[in-house]
Amino acid sequence: MKINDEVKSALEQGRAVVALESTIISHGMPYPKNVQTALLVEKAVRDNGAIPATIGIIDGELVIGMNAEEIEEFGKKSGIAKVSKRDMPIVMATKSWGATTVSTTILGAKMAGIPIFVTGGIGGVHRGAETTWDVSRDLYELGSEPVTVICAGCKAILDVDKTLEVLETQGVPVLSYKEPTFANFYCRSSGKPVDYVFDEPIQAARVMDFQNKMGLKGGILISNPCPEEDALPHSYIDSIIDQAIREADEKGVRGKESTPFLLKRVVELTGGDSLETNIHLVINNAILGAQIAVEYAKLRKEK
């Protein structure tokens with residue numbers, strides 16, 4: 001594992017650091033939009049008082065805090081593996097490049113000692129999972145590793161009810177910023193209740209602090225609704241997702257290939273509108289994540 005000098009120094013000094021994933025760069029958006037978005041997300045973290053740490057695997061080495069040149073190469077390079085937990089030892093042993101998903105970014109953050117991770121949407125339970133058993137590793141990593149994840153809900157192609165049910169089983173507290181319901185990625189609300197609503201970043205930081213004090217296993221999930229001006233109507237996006245899922249079924253797309261296929265198809269069917277919404281919600285999450293990280297760092301320094 002290689003930790004960027006700036007990130008390492010910040011961690012040693014007890015300053016706020018926010019982990020970021022690399023799948024959004026290599027699998028979430030086309031070049032150069034992917035690189036531009038990654039750098040904008042890092043800027044949003046910095047502008048709000050924290051140090052960004054984009055995580056990825058380069059030539060078999062887990063990099064905690066990719067620099068601008070590495071992010072650029074990640075955005076351009078083809079054939080980068082999408083890496084879940086089970087893929088990590090293979091990608092590292094073969095000295096390959098790997099993009100960290102939510103689950104592997106959580107693992108990387110935990111290894112480096114970074115308590116907060118910002119993403120767009122987490123993985124979860126796929127629609128029809130009662131027959132396919134398709135449940136994202138993200139939910140199990142959230143249940144076992146001490147990392148708080150800020151997201152705009154689970155990805156819109158998933159089953160929100162089942163995802164929340166698994167999170168409950170895993171003992172993961174689900175918090176929401178200013179809204180009484182769990183966010184719904186491209187849309188603001190899923191209509192599903194959460195465990196706690198907070199209005200100020202310090203309130204979320206206190207929950208994190210008590211989770212740590214009590215030695216409870218696992219992390220915390222924070223739902224941050226997509227900005228109202230960028231959200232897409234429920235009926236519009238739901239019909240498009242239904243079409244994308246039908247097409248995936250017809251083509252036999254399964255497993256870890258399903259999410260990239262579905263999200264790409266949704267972008268195509270919305271004429272790029274969903275991509276713009278995705279960009280805005282990730283930046284919005286980065287702002288909140290950095291603010292919570294700053295408050296949490298203050299609490300830790302007070303001890």
# chains A, B, ... in the order shown; residues from 1 in each chain; ligands from 1
call {"tool": "closest_atom_pairs", "arguments": {"of": "stretch 173-246 of chain A", "to": "stretch 145-163 of chain A", "cutoff": "7 Å", "atoms": "only C-alpha atoms", "output": "JSON lines"}}
result
{"residue": "A:Phe182", "atom": "CA", "partner": "A:Gly153", "partner_atom": "CA", "distance": 6.3}
{"residue": "A:Ala183", "atom": "CA", "partner": "A:Gly153", "partner_atom": "CA", "distance": 4.6}
{"residue": "A:Asn184", "atom": "CA", "partner": "A:Gly153", "partner_atom": "CA", "distance": 5.1}
{"residue": "A:Phe185", "atom": "CA", "partner": "A:Ala152", "partner_atom": "CA", "distance": 4.9}
{"residue": "A:Tyr186", "atom": "CA", "partner": "A:Ala156", "partner_atom": "CA", "distance": 6.8}
{"residue": "A:Lys217", "atom": "CA", "partner": "A:Pro146", "partner_atom": "CA", "distance": 6.6}
{"residue": "A:Gly218", "atom": "CA", "partner": "A:Glu145", "partner_atom": "CA", "distance": 4.4}
{"residue": "A:Gly219", "atom": "CA", "partner": "A:Pro146", "partner_atom": "CA", "distance": 4.4}
{"residue": "A:Ile220", "atom": "CA", "partner": "A:Thr148", "partner_atom": "CA", "distance": 4.6}
{"residue": "A:Leu221", "atom": "CA", "partner": "A:Val149", "partner_atom": "CA", "distance": 5.0}
{"residue": "A:Ile222", "atom": "CA", "partner": "A:Ile150", "partner_atom": "CA", "distance": 4.7}
{"residue": "A:Ser223", "atom": "CA", "partner": "A:Cys151", "partner_atom": "CA", "distance": 5.3}
{"residue": "A:Asn224", "atom": "CA", "partner": "A:Ala152", "partner_atom": "CA", "distance": 4.9}
{"residue": "A:Pro225", "atom": "CA", "partner": "A:Ala152", "partner_atom": "CA", "distance": 5.3}
{"residue": "A:Cys226", "atom": "CA", "partner": "A:Ala152", "partner_atom": "CA", "distance": 6.1}
{"residue": "A:Ile241", "atom": "CA", "partner": "A:Ile157", "partner_atom": "CA", "distance": 6.2}
call {"tool": "write_last_selection", "arguments": {"atoms": "all heavy atoms", "output": "compact mmCIF listing (two decimals), in the first residue's frame"}}
result
# COMPACT_ATOMS: atom_id res chain seq x y z
N PHE A 182 -34.82 8.17 3.04
CA PHE A 182 -33.61 7.73 2.35
C PHE A 182 -33.59 8.30 0.93
O PHE A 182 -34.60 8.27 0.22
CB PHE A 182 -33.60 6.20 2.31
CG PHE A 182 -32.30 5.59 1.87
CD1 PHE A 182 -31.14 5.79 2.60
CD2 PHE A 182 -32.24 4.77 0.75
CE1 PHE A 182 -29.94 5.21 2.22
CE2 PHE A 182 -31.05 4.18 0.36
CZ PHE A 182 -29.90 4.40 1.10
N ALA A 183 -32.45 8.85 0.54
CA ALA A 183 -32.33 9.44 -0.80
C ALA A 183 -32.47 8.36 -1.88
O ALA A 183 -32.29 7.17 -1.62
CB ALA A 183 -30.99 10.14 -0.92
N ASN A 184 -32.76 8.79 -3.10
CA ASN A 184 -33.02 7.84 -4.17
C ASN A 184 -32.21 8.15 -5.43
O ASN A 184 -32.74 8.18 -6.53
CB ASN A 184 -34.52 7.81 -4.48
CG ASN A 184 -34.93 6.54 -5.21
OD1 ASN A 184 -34.27 5.52 -5.10
ND2 ASN A 184 -36.02 6.60 -5.96
N PHE A 185 -30.95 8.47 -5.23
CA PHE A 185 -29.96 8.68 -6.29
C PHE A 185 -30.39 9.81 -7.23
O PHE A 185 -30.26 10.97 -6.87
CB PHE A 185 -29.71 7.37 -7.04
CG PHE A 185 -28.36 7.33 -7.74
CD1 PHE A 185 -27.20 7.44 -7.01
CD2 PHE A 185 -28.27 7.19 -9.11
CE1 PHE A 185 -25.95 7.42 -7.64
CE2 PHE A 185 -27.02 7.16 -9.75
CZ PHE A 185 -25.87 7.27 -9.02
N TYR A 186 -30.90 9.51 -8.44
CA TYR A 186 -31.29 10.58 -9.38
C TYR A 186 -32.46 11.41 -8.85
O TYR A 186 -32.63 12.55 -9.24
CB TYR A 186 -31.70 9.99 -10.73
CG TYR A 186 -30.66 9.16 -11.43
CD1 TYR A 186 -30.91 7.84 -11.80
CD2 TYR A 186 -29.40 9.69 -11.74
CE1 TYR A 186 -29.97 7.08 -12.47
CE2 TYR A 186 -28.45 8.92 -12.40
CZ TYR A 186 -28.75 7.63 -12.76
OH TYR A 186 -27.82 6.87 -13.42
N LYS A 217 -18.92 -2.84 15.87
CA LYS A 217 -18.43 -3.32 14.58
C LYS A 217 -19.20 -2.64 13.45
O LYS A 217 -20.41 -2.43 13.56
CB LYS A 217 -18.61 -4.84 14.51
CG LYS A 217 -18.22 -5.47 13.19
CD LYS A 217 -18.55 -6.95 13.20
CE LYS A 217 -18.30 -7.57 11.84
NZ LYS A 217 -18.71 -8.98 11.80
N GLY A 218 -18.50 -2.31 12.38
CA GLY A 218 -19.18 -1.79 11.20
C GLY A 218 -19.18 -0.28 11.09
O GLY A 218 -18.66 0.43 11.95
N GLY A 219 -19.78 0.20 9.99
CA GLY A 219 -19.78 1.62 9.70
C GLY A 219 -21.14 2.25 9.82
O GLY A 219 -22.07 1.67 10.39
N ILE A 220 -21.25 3.43 9.24
CA ILE A 220 -22.48 4.22 9.25
C ILE A 220 -22.75 4.65 7.82
O ILE A 220 -21.81 4.98 7.07
CB ILE A 220 -22.33 5.46 10.16
CG1 ILE A 220 -22.14 5.03 11.61
CG2 ILE A 220 -23.53 6.40 10.02
CD1 ILE A 220 -21.69 6.15 12.53
N LEU A 221 -24.01 4.65 7.42
CA LEU A 221 -24.37 5.11 6.08
C LEU A 221 -25.12 6.44 6.21
O LEU A 221 -26.10 6.54 6.95
CB LEU A 221 -25.24 4.09 5.36
CG LEU A 221 -25.59 4.44 3.91
CD1 LEU A 221 -24.33 4.43 3.04
CD2 LEU A 221 -26.61 3.46 3.34
N ILE A 222 -24.64 7.45 5.48
CA ILE A 222 -25.28 8.77 5.49
C ILE A 222 -25.86 9.06 4.12
O ILE A 222 -25.16 9.06 3.10
CB ILE A 222 -24.28 9.86 5.90
CG1 ILE A 222 -23.85 9.64 7.35
CG2 ILE A 222 -24.90 11.25 5.71
CD1 ILE A 222 -22.83 10.63 7.86
N SER A 223 -27.17 9.29 4.11
CA SER A 223 -27.91 9.58 2.88
C SER A 223 -28.00 11.10 2.71
O SER A 223 -28.44 11.81 3.60
CB SER A 223 -29.32 8.96 3.01
OG SER A 223 -30.23 9.57 2.13
N ASN A 224 -27.57 11.57 1.55
CA ASN A 224 -27.58 13.00 1.23
C ASN A 224 -28.34 13.19 -0.08
O ASN A 224 -27.84 12.82 -1.14
CB ASN A 224 -26.14 13.52 1.10
CG ASN A 224 -26.08 15.02 0.90
OD1 ASN A 224 -26.93 15.76 1.39
ND2 ASN A 224 -25.07 15.47 0.18
N PRO A 225 -29.54 13.75 -0.05
CA PRO A 225 -30.34 13.84 -1.27
C PRO A 225 -29.67 14.65 -2.37
O PRO A 225 -28.96 15.63 -2.10
CB PRO A 225 -31.63 14.55 -0.80
CG PRO A 225 -31.64 14.38 0.67
CD PRO A 225 -30.22 14.31 1.12
N CYS A 226 -29.89 14.24 -3.58
CA CYS A 226 -29.44 14.98 -4.76
C CYS A 226 -29.97 16.41 -4.69
O CYS A 226 -31.11 16.63 -4.26
CB CYS A 226 -29.98 14.26 -6.00
SG CYS A 226 -29.76 15.17 -7.54
N ILE A 241 -35.25 3.10 -16.29
CA ILE A 241 -34.56 2.00 -15.60
C ILE A 241 -35.22 0.67 -15.91
O ILE A 241 -34.54 -0.34 -16.15
CB ILE A 241 -34.53 2.26 -14.07
CG1 ILE A 241 -33.60 3.43 -13.77
CG2 ILE A 241 -34.10 1.01 -13.32
CD1 ILE A 241 -33.68 3.94 -12.36
call {"tool": "select_by_dssp", "arguments": {"residues": "stretch 13-217 of chain A", "states": "alpha helix (DSSP H)", "output": "ChimeraX atom specification"}}
result
/A:23,33-47,68-76,88-93,102-112,129-132,137-144,160-169,201-213
call {"tool": "residues_around", "arguments": {"residues": "A:Thr100", "least_positions_apart": "2", "cutoff": "10 Å", "atoms": "only C-alpha atoms", "output": "short mmCIF file (atom, residue, chain, number, x, y, z; two decimals) with C-alpha atoms, in the first residue's frame"}}
result
data_model
loop_
_atom_site.label_atom_id
_atom_site.label_comp_id
_atom_site.auth_asym_id
_atom_site.auth_seq_id
_atom_site.Cartn_x
_atom_site.Cartn_y
_atom_site.Cartn_z
CA LEU A 20 -12.89 8.63 -2.75
CA GLU A 21 -13.41 5.68 -5.08
CA SER A 22 -11.90 5.12 -8.53
CA THR A 23 -14.64 3.03 -10.19
CA ILE A 24 -16.47 6.25 -11.02
CA ILE A 25 -13.38 7.26 -13.04
CA SER A 26 -12.82 4.06 -15.01
CA THR A 54 -8.77 8.91 -4.21
CA ILE A 55 -8.08 5.18 -3.93
CA GLY A 56 -7.12 2.81 -6.75
CA ILE A 57 -4.79 -0.06 -7.63
CA LEU A 62 -3.05 -0.09 -3.54
CA ALA A 81 -10.59 -4.18 -13.75
CA LYS A 82 -13.55 -3.33 -11.54
CA VAL A 83 -12.31 -4.67 -8.22
CA SER A 84 -14.43 -6.05 -5.42
CA LYS A 85 -12.98 -7.69 -2.31
CA ASP A 87 -10.65 -9.56 -6.84
CA MET A 88 -8.10 -7.64 -4.77
CA TRP A 97 -4.63 -1.92 -12.54
CA GLY A 98 -7.87 -1.98 -10.59
CA VAL A 102 -17.48 1.02 -2.76
CA SER A 103 -16.58 -2.19 -0.90
CA THR A 104 -12.86 -2.09 -1.76
CA THR A 105 -12.62 1.65 -1.13
CA ILE A 106 -14.07 1.00 2.33
CA LEU A 107 -11.35 -1.62 2.85
CA GLY A 108 -8.62 0.71 1.60
#
call {"tool": "atom_distance", "arguments": {"atom1": "atom CA of A:Arg86", "atom2": "atom CA of A:Ala16"}}
result
29.5 Å
call {"tool": "residues_around", "arguments": {"residues": "A:Gly171", "least_positions_apart": "3", "cutoff": "8 Å", "atoms": "only C-alpha atoms", "output": "ChimeraX atom specification"}}
result
/A:143,167-168,218
call {"tool": "residues_around", "arguments": {"residues": "A:Ala297", "least_positions_apart": "6", "cutoff": "12 Å", "atoms": "only C-alpha atoms", "output": "list of chain:residue names"}}
result
A:Ala10, A:Leu11, A:Glu12, A:Gln13, A:Gly14, A:Arg15, A:Ala16, A:Val17, A:Val18, A:Gly49, A:Ala50, A:Ile51, A:Ile114, A:Pro115, A:Ile116, A:Pro201, A:Ile202, A:Ala205, A:Arg206, A:Met208, A:Asp209, A:Ala290, A:Gln291, A:Lys303
call {"tool": "select_by_dssp", "arguments": {"residues": "stretch 153-226 of chain A", "states": "strand (DSSP E or B)", "output": "list in words"}}
result
Cys154, Leu158, Val174, Leu175, Ser176, Tyr177, Thr181, Asn184, Cys187, Pro193, Tyr196, Val197, Phe198, Ile220, Leu221, Ile222 and Ser223 of chain A
call {"tool": "write_last_selection", "arguments": {"atoms": "all heavy atoms", "output": "tab-separated table (two decimals), in the first residue's frame"}}
result
chain	number	residue	atom	x	y	z
A	154	CYS	N	-28.83	4.32	-2.60
A	154	CYS	CA	-28.26	3.24	-3.42
A	154	CYS	C	-28.51	3.58	-4.89
A	154	CYS	O	-29.36	4.41	-5.22
A	154	CYS	CB	-28.84	1.88	-3.05
A	154	CYS	SG	-30.63	1.72	-3.23
A	158	LEU	N	-31.47	-0.36	-8.26
A	158	LEU	CA	-31.57	-1.38	-7.22
A	158	LEU	C	-32.92	-1.36	-6.50
A	158	LEU	O	-33.74	-0.48	-6.72
A	158	LEU	CB	-30.44	-1.19	-6.22
A	158	LEU	CG	-29.03	-1.20	-6.82
A	158	LEU	CD1	-27.99	-0.83	-5.78
A	158	LEU	CD2	-28.71	-2.56	-7.44
A	174	VAL	N	-28.52	4.11	9.51
A	174	VAL	CA	-28.74	4.90	8.29
A	174	VAL	C	-29.21	6.29	8.69
A	174	VAL	O	-30.28	6.44	9.27
A	174	VAL	CB	-29.75	4.21	7.36
A	174	VAL	CG1	-29.97	5.06	6.11
A	174	VAL	CG2	-29.26	2.81	6.97
A	175	LEU	N	-28.39	7.29	8.39
A	175	LEU	CA	-28.68	8.68	8.72
A	175	LEU	C	-29.07	9.44	7.45
A	175	LEU	O	-28.69	9.02	6.33
A	175	LEU	CB	-27.47	9.36	9.34
A	175	LEU	CG	-27.13	9.08	10.81
A	175	LEU	CD1	-27.01	7.60	11.12
A	175	LEU	CD2	-25.86	9.83	11.20
A	176	SER	N	-29.78	10.53	7.61
A	176	SER	CA	-30.14	11.37	6.46
A	176	SER	C	-29.91	12.83	6.78
A	176	SER	O	-30.21	13.29	7.89
A	176	SER	CB	-31.61	11.16	6.08
A	176	SER	OG	-31.98	12.02	5.01
A	177	TYR	N	-29.36	13.55	5.81
A	177	TYR	CA	-29.08	14.97	5.99
A	177	TYR	C	-30.29	15.82	5.61
A	177	TYR	O	-30.66	15.90	4.44
A	177	TYR	CB	-27.88	15.36	5.14
A	177	TYR	CG	-27.42	16.80	5.31
A	177	TYR	CD1	-27.22	17.35	6.57
A	177	TYR	CD2	-27.18	17.59	4.20
A	177	TYR	CE1	-26.79	18.66	6.72
A	177	TYR	CE2	-26.75	18.91	4.35
A	177	TYR	CZ	-26.56	19.44	5.61
A	177	TYR	OH	-26.14	20.74	5.75
A	181	THR	N	-36.36	11.00	4.75
A	181	THR	CA	-36.37	9.72	4.04
A	181	THR	C	-35.03	9.44	3.38
A	181	THR	O	-34.21	10.33	3.18
A	181	THR	CB	-37.47	9.70	2.96
A	181	THR	OG1	-37.26	10.79	2.05
A	181	THR	CG2	-38.86	9.82	3.59
A	184	ASN	N	-32.76	8.79	-3.10
A	184	ASN	CA	-33.02	7.84	-4.17
A	184	ASN	C	-32.21	8.15	-5.43
A	184	ASN	O	-32.74	8.18	-6.53
A	184	ASN	CB	-34.52	7.81	-4.48
A	184	ASN	CG	-34.93	6.54	-5.21
A	184	ASN	OD1	-34.27	5.52	-5.10
A	184	ASN	ND2	-36.02	6.60	-5.96
A	187	CYS	N	-33.26	10.82	-7.99
A	187	CYS	CA	-34.41	11.51	-7.38
A	187	CYS	C	-34.06	11.83	-5.93
A	187	CYS	O	-33.16	11.24	-5.35
A	187	CYS	CB	-35.66	10.63	-7.44
A	187	CYS	SG	-35.95	9.89	-9.05
A	193	PRO	N	-38.19	5.50	5.41
A	193	PRO	CA	-37.65	6.17	6.60
A	193	PRO	C	-36.22	5.75	6.91
A	193	PRO	O	-35.75	4.69	6.49
A	193	PRO	CB	-38.61	5.72	7.71
A	193	PRO	CG	-39.17	4.42	7.23
A	193	PRO	CD	-39.27	4.55	5.74
A	196	TYR	N	-32.10	8.20	11.64
A	196	TYR	CA	-31.83	9.48	12.30
A	196	TYR	C	-31.65	10.56	11.24
A	196	TYR	O	-30.97	10.34	10.23
A	196	TYR	CB	-30.56	9.37	13.14
A	196	TYR	CG	-30.07	10.64	13.79
A	196	TYR	CD1	-30.88	11.37	14.67
A	196	TYR	CD2	-28.78	11.12	13.54
A	196	TYR	CE1	-30.41	12.53	15.28
A	196	TYR	CE2	-28.30	12.28	14.15
A	196	TYR	CZ	-29.13	12.98	15.01
A	196	TYR	OH	-28.68	14.13	15.61
A	197	VAL	N	-32.28	11.71	11.47
A	197	VAL	CA	-32.14	12.86	10.57
A	197	VAL	C	-31.32	13.93	11.29
A	197	VAL	O	-31.60	14.25	12.45
A	197	VAL	CB	-33.52	13.44	10.18
A	197	VAL	CG1	-33.35	14.64	9.24
A	197	VAL	CG2	-34.38	12.37	9.51
A	198	PHE	N	-30.29	14.47	10.62
A	198	PHE	CA	-29.48	15.52	11.25
A	198	PHE	C	-29.48	16.77	10.36
A	198	PHE	O	-29.65	16.68	9.14
A	198	PHE	CB	-28.05	15.03	11.50
A	198	PHE	CG	-27.25	14.71	10.27
A	198	PHE	CD1	-26.36	15.63	9.74
A	198	PHE	CD2	-27.37	13.48	9.63
A	198	PHE	CE1	-25.61	15.34	8.60
A	198	PHE	CE2	-26.63	13.18	8.49
A	198	PHE	CZ	-25.75	14.12	7.98
A	220	ILE	N	-21.25	3.43	9.24
A	220	ILE	CA	-22.48	4.22	9.25
A	220	ILE	C	-22.75	4.65	7.82
A	220	ILE	O	-21.81	4.98	7.07
A	220	ILE	CB	-22.33	5.46	10.16
A	220	ILE	CG1	-22.14	5.03	11.61
A	220	ILE	CG2	-23.53	6.40	10.02
A	220	ILE	CD1	-21.69	6.15	12.53
A	221	LEU	N	-24.01	4.65	7.42
A	221	LEU	CA	-24.37	5.11	6.08
A	221	LEU	C	-25.12	6.44	6.21
A	221	LEU	O	-26.10	6.54	6.95
A	221	LEU	CB	-25.24	4.09	5.36
A	221	LEU	CG	-25.59	4.44	3.91
A	221	LEU	CD1	-24.33	4.43	3.04
A	221	LEU	CD2	-26.61	3.46	3.34
A	222	ILE	N	-24.64	7.45	5.48
A	222	ILE	CA	-25.28	8.77	5.49
A	222	ILE	C	-25.86	9.06	4.12
A	222	ILE	O	-25.16	9.06	3.10
A	222	ILE	CB	-24.28	9.86	5.90
A	222	ILE	CG1	-23.85	9.64	7.35
A	222	ILE	CG2	-24.90	11.25	5.71
A	222	ILE	CD1	-22.83	10.63	7.86
A	223	SER	N	-27.17	9.29	4.11
A	223	SER	CA	-27.91	9.58	2.88
A	223	SER	C	-28.00	11.10	2.71
A	223	SER	O	-28.44	11.81	3.60
A	223	SER	CB	-29.32	8.96	3.01
A	223	SER	OG	-30.23	9.57	2.13
call {"tool": "closest_atom_pairs", "arguments": {"of": "stretch 87-123 of chain A", "to": "stretch 252-271 of chain A", "cutoff": "12 Å", "atoms": "only C-alpha atoms", "output": "JSON lines"}}
result
{"residue": "A:Asp87", "atom": "CA", "partner": "A:Lys256", "partner_atom": "CA", "distance": 11.3}
{"residue": "A:Thr101", "atom": "CA", "partner": "A:Lys256", "partner_atom": "CA", "distance": 10.4}
{"residue": "A:Gly121", "atom": "CA", "partner": "A:Thr259", "partner_atom": "CA", "distance": 11.3}
{"residue": "A:Ile122", "atom": "CA", "partner": "A:Thr259", "partner_atom": "CA", "distance": 11.0}
{"residue": "A:Gly123", "atom": "CA", "partner": "A:Thr259", "partner_atom": "CA", "distance": 8.6}
call {"tool": "closest_residue", "arguments": {"among": "A:Val45, A:Ala19, A:Val166, A:Met92", "to": "A:His126", "atoms": "only C-alpha atoms"}}
result
A:Val166
